[in-house]
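Enquirer: Attaching a single structure in structure tokens format; questions to follow.
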Amino acid sequence: MTASAVPPGPGATAWAPETVTTDPYNAQTPRAALAERLTPADALFVRDHFGVPPTATDRWRLRVGGAVATPLTLDYATLLALGHEGRREFDVVLECAGNGRALMTPRPPGLPWGERAVGCARFAGVPFHLVAERAGVAPETVEFVFAGADTGSVHGHRAAFERSLPLAEALHPDTLLATHLNGEPLPPEHGAPVRLVVPGRYAVADVKWLVEARAITEPFTGVFQAEEYVYVASRGIPDGPVSAIRVKSLITAPEPDDDLRRGTQTVVRGRAWSGAGLAVGRVQVRAEHEDEEGHDTAGDGAAWHDADLEPPTGPYAWTGWSYRWTPRTPGRYRLLARATDARGETQPPRAPWNAQGYGCNPVAAVDVVVV
């Protein structure tokens, strides 16, 4: 028996996520919260496929089985006790693989996310490898499959939400059985009492309401691994399951359609991030002046300018950036921002289209008016 998370009511905080669907409840981070170094828990976007399953901490169990020497079943207290051996805590960008899907043309099926199915939160918990080592992983293991307690109908048959990780990534010391979010126990809509957190990967890897981890000796082909959350008919991205977050940025200030004064300095601000633990090495900003028909009148003269970068709070956190801009001519402008990561990957001018609408990371844009 499951129940959808309840959308915020009239008395909800100003940080309340903006509803995309109500049943199940899915919502994106409000624009104001994206300006925060850490996204407040009650503002963080929510992705829910089947509704929130029962989340009583005293009844929670994690089954560890498959190709292991000693199958285990852990309760919450036992898991917390394991944390004394190596509890980890760090800031992580959480981004839905479908973030930005609504920007694609033609728009693929799926939730019509804008660009705010993302946030940066502080997760704490127990490294999964401590549990796996207790179970004893068989030498022939190639992946671990992680299953949530949530189930529902997919393509005409019932399925649990399951995703796999290559063995090396499952056993990475920063792959967490997370119990806390921003210093507090996980709330139900974010996977209480325990969820997986895999820094640097799209959030589909971060299985919520985790109840099972099983070692397997052949690649996993479950519905959410081989049919959903895969790049299909991609233009510029290899086909296959979504994995590492693609380099991306967003503009948090000024806001769309803000009126700015010519001759007055404006600070353009935003966030940038990438996956697989890659640092953001550069963010560039450009201002395009549009005529009444929406054409860029600056031409090649509108240069890209380097923004100032803030030190991130950790290897998996996003990077704040800023650029001081003084517009001289009135009219409509399009402010653009593009990030480049440590591997040299840069945001493309347009969203790389694919049939399921994943990995959307075009240059960020905000339209403003100079008066």
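Identifiers in this document derive from the order of the structure tokens: chains are assigned A, B, ..., residues are numbered from 1 separately in each chain, and ligands are numbered from 1 in order of occurrence.
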Could you name the residues that touch Ala307 in chain A at 7 Å or less, counting only C-alpha atoms, but leaving out those on the same chain fewer than 2 positions away, as a VMD selection string?

Expert: chain A and resid 283 to 285 305 309 321 to 323

Enquirer: Go through range 34-54 of chain A residue by residue and, counting only C-alpha atoms, keep those with an atom at most 12 Å from range 123-135 of chain A; for each kept residue give the shortest atom pair and its distance in Å to one decimal, ordered by chain and increasing number, as JSON lines.

Expert:
{"residue": "A:Leu38", "atom": "CA", "partner": "A:Phe123", "partner_atom": "CA", "distance": 10.9}
{"residue": "A:Thr39", "atom": "CA", "partner": "A:Phe123", "partner_atom": "CA", "distance": 11.6}
{"residue": "A:Ala41", "atom": "CA", "partner": "A:Phe123", "partner_atom": "CA", "distance": 10.6}

Enquirer: Can I get the selection written as a tab-separated table (two decimals), in the first residue's frame, with C-alpha atoms?

Expert:
chain	number	residue	atom	x	y	z
A	38	LEU	CA	22.65	24.49	0.25
A	39	THR	CA	19.09	23.88	-0.91
A	41	ALA	CA	15.20	20.29	2.50

Enquirer: Write out as CSV a residue-level contact list of range 88-135 of chain A versus range 246-263 of chain A with cut-off 12 Å: for each qualifying residue the closest pair of atoms and the distance in Å to one decimal, counting only C-alpha atoms, rows sorted by chain and residue number upward.

Expert:
residue,atom,partner,partner_atom,distance
A:Val93,CA,A:Lys248,CA,11.2
A:Glu95,CA,A:Arg246,CA,10.0
A:Cys96,CA,A:Arg246,CA,11.3
A:Ala97,CA,A:Arg246,CA,9.5
A:Gly98,CA,A:Arg246,CA,11.7
A:Asn99,CA,A:Lys248,CA,10.7
A:Gly100,CA,A:Lys248,CA,10.7
A:Gly114,CA,A:Leu250,CA,11.5
A:Glu115,CA,A:Leu250,CA,8.0
A:Arg116,CA,A:Leu250,CA,9.0
A:Ala117,CA,A:Leu250,CA,11.7
A:Val118,CA,A:Leu250,CA,10.2
A:Gly119,CA,A:Leu250,CA,11.1

Enquirer: Take the residues from that selection and write them out as a tab-separated table (two decimals), in the first residue's frame, keeping C-alpha atoms.

Expert:
chain	number	residue	atom	x	y	z
A	93	VAL	CA	24.23	18.02	-6.39
A	95	GLU	CA	19.66	16.43	-10.41
A	96	CYS	CA	16.87	14.51	-12.12
A	97	ALA	CA	18.01	13.00	-15.41
A	98	GLY	CA	14.99	14.63	-17.07
A	99	ASN	CA	15.79	18.12	-15.76
A	100	GLY	CA	15.21	20.61	-18.60
A	114	GLY	CA	11.75	23.10	-16.50
A	115	GLU	CA	15.34	23.65	-15.33
A	116	ARG	CA	14.72	23.34	-11.60
A	117	ALA	CA	14.64	19.60	-10.93
A	118	VAL	CA	17.97	20.13	-9.19
A	119	GLY	CA	19.45	21.20	-5.88

Enquirer: Enumerate the residues of range 128-335 of chain A with a DSSP assignment of helix (DSSP H, G or I), computed from the backbone, and present them as a list of chain:residue names.

Expert: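 Taking range 128-335 of chain A and keeping helix (DSSP H, G or I) gives A:Phe128, A:His129, A:Leu130, A:Val131, A:Ala132, A:Glu133, A:Arg134, A:Ala135, A:Leu167, A:Ala168, A:Glu169, A:Ala170, A:Pro188, A:Glu189, A:His190, A:Ala203, A:Val204, A:Ala205, A:Val223, A:Phe224, A:Gln225, A:Ala226, A:Gly299, A:Asp300, A:Gly301.
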
Enquirer: Identify, on the basis of only C-alpha atoms, every residue whose closest approach to Val280 in chain A does not exceed 7 Å; exclude the query and any residue fewer than 4 positions from it along the same chain; express the result as an mmCIF file with N, CA and C atoms, in the first residue's frame.

Expert:
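So result.cif came out as:
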data_model
loop_
_atom_site.group_PDB
_atom_site.id
_atom_site.type_symbol
_atom_site.label_atom_id
_atom_site.label_comp_id
_atom_site.auth_asym_id
_atom_site.auth_seq_id
_atom_site.Cartn_x
_atom_site.Cartn_y
_atom_site.Cartn_z
ATOM 1 N N ALA A 272 26.909 26.305 -11.069
ATOM 2 C CA ALA A 272 27.409 25.406 -12.109
ATOM 3 C C ALA A 272 27.878 24.114 -11.447
ATOM 4 N N TRP A 273 27.786 23.012 -12.198
ATOM 5 C CA TRP A 273 28.162 21.712 -11.642
ATOM 6 C C TRP A 273 28.460 20.735 -12.770
ATOM 7 N N SER A 274 29.068 19.615 -12.404
ATOM 8 C CA SER A 274 29.300 18.527 -13.344
ATOM 9 C C SER A 274 29.288 17.231 -12.569
ATOM 10 N N THR A 319 29.148 24.940 -7.825
ATOM 11 C CA THR A 319 30.042 26.088 -7.721
ATOM 12 C C THR A 319 29.246 27.364 -7.982
ATOM 13 N N ALA A 339 29.179 26.624 -18.697
ATOM 14 C CA ALA A 339 30.210 26.091 -17.800
ATOM 15 C C ALA A 339 31.082 25.093 -18.543
ATOM 16 N N THR A 340 32.318 24.994 -18.097
ATOM 17 C CA THR A 340 33.267 24.007 -18.603
ATOM 18 C C THR A 340 33.848 23.270 -17.405
ATOM 19 N N ASP A 341 33.882 21.931 -17.472
ATOM 20 C CA ASP A 341 34.400 21.178 -16.332
ATOM 21 C C ASP A 341 35.873 20.832 -16.511
ATOM 22 N N ALA A 342 36.430 20.142 -15.517
ATOM 23 C CA ALA A 342 37.863 19.855 -15.505
ATOM 24 C C ALA A 342 38.288 18.940 -16.643
#

Enquirer: If we count only C-alpha atoms and set the cut-off at 10 Å, which residues sit around Asp91 in chain A, ignoring sequence neighbours fewer than 5 positions away in its own chain? Please answer as a PDB file with C-alpha atoms, in the first residue's frame.

Expert:
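The result, written out as part.pdb:
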ATOM      1  CA  ARG A  37      24.607  27.347  -1.342  1.00  0.00           C
ATOM      2  CA  LEU A  38      22.652  24.492   0.254  1.00  0.00           C
ATOM      3  CA  CYS A 120      22.518  20.803  -3.691  1.00  0.00           C
ATOM      4  CA  ALA A 121      22.008  19.173  -0.303  1.00  0.00           C
ATOM      5  CA  ARG A 122      24.135  17.760   2.510  1.00  0.00           C
ATOM      6  CA  PHE A 123      23.754  14.000   2.875  1.00  0.00           C
ATOM      7  CA  ALA A 124      25.129  11.872   5.680  1.00  0.00           C
ATOM      8  CA  LEU A 181      19.559  15.358   4.784  1.00  0.00           C
ATOM      9  CA  ASN A 182      20.875  18.780   5.815  1.00  0.00           C
ATOM     10  CA  PRO A 199      27.561  11.457  -5.925  1.00  0.00           C
ATOM     11  CA  PRO A 312      32.656  24.775  -3.793  1.00  0.00           C
ATOM     12  CA  THR A 313      31.925  23.216  -0.408  1.00  0.00           C
ATOM     13  CA  GLY A 314      33.188  19.835  -1.581  1.00  0.00           C
ATOM     14  CA  PRO A 315      33.992  17.698  -4.636  1.00  0.00           C
ATOM     15  CA  TYR A 316      30.317  16.929  -5.342  1.00  0.00           C
ATOM     16  CA  ALA A 317      28.822  20.360  -4.574  1.00  0.00           C
ATOM     17  CA  TRP A 318      27.924  23.002  -7.107  1.00  0.00           C
TER      18      TRP A 318
END

Enquirer: Based on DSSP run over this structure's backbone, return all residues of range 156-361 of chain A in strand (DSSP E), as a PyMOL selection string.

Expert: chain A and resi 157-166+176-181+184-185+195-197+210-216+230-231+240-241+248-253+259-260+266-273+280-290+305-306+308-309+319-325+331-341

Enquirer: For a test of reading the model, state the distance in Å between CA of Phe45 in chain A and CA of Trp209 in chain A, rounded to one decimal.

Expert: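 Taking CA of Phe45 in chain A as the start and CA of Trp209 in chain A as the end point, the length is 16.4 Å.
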
Enquirer: Of the candidates A:Leu165, A:Leu94, A:Val194, A:Ala213, which one gets nearest to Ala147 in chain A if we count only C-alpha atoms?

Expert: A:Ala213

Enquirer: Can you list, as number ranges by chain, every protein, DNA or RNA residue that comes within 6 Å of Gly275 in chain A when you count only C-alpha atoms, leaving out same-chain residues fewer than 6 positions away?

Expert: A: 200, 244-246

Enquirer: Would you list the contacts of Val46 in chain A as a ChimeraX atom specification, taking every protein, DNA or RNA residue within 7 Å and counting only C-alpha atoms, but skipping same-chain residues closer than 5 positions in sequence?

Expert: /A:26-28,189

Enquirer: Applying 6 Å and only C-alpha atoms, which residues near Leu335 in chain A remain after dropping the ones on its own chain fewer than 4 positions away? List them as a list of chain:residue names.

Expert: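 My reading of the contact set: A:Arg286, A:Ala287, A:Ala365, A:Val366.
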
Enquirer: Can I get the selection written as a PDB file, in the first residue's frame, with C-alpha atoms?

Expert:
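Contents of out.pdb, freshly written:
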ATOM      1  CA  ARG A 286      27.560  36.719 -22.601  1.00  0.00           C
ATOM      2  CA  ALA A 287      24.889  39.416 -23.115  1.00  0.00           C
ATOM      3  CA  ALA A 365      19.637  31.784 -20.665  1.00  0.00           C
ATOM      4  CA  VAL A 366      17.612  34.547 -19.006  1.00  0.00           C
TER       5      VAL A 366
END

Enquirer: A:Thr22, A:Thr151, A:Gln356, A:Gln265: which is nearest Lys208 in chain A, counting only C-alpha atoms?

Expert: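 Result for the nearest residue to Lys208 in chain A: A:Thr151.
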
Enquirer: Quick check, in Å to one decimal: how far apart do CA of Asp42 in chain A and CA of Val20 in chain A lie?

Expert: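 Rounded to one decimal, the two atoms are 15.7 Å apart.
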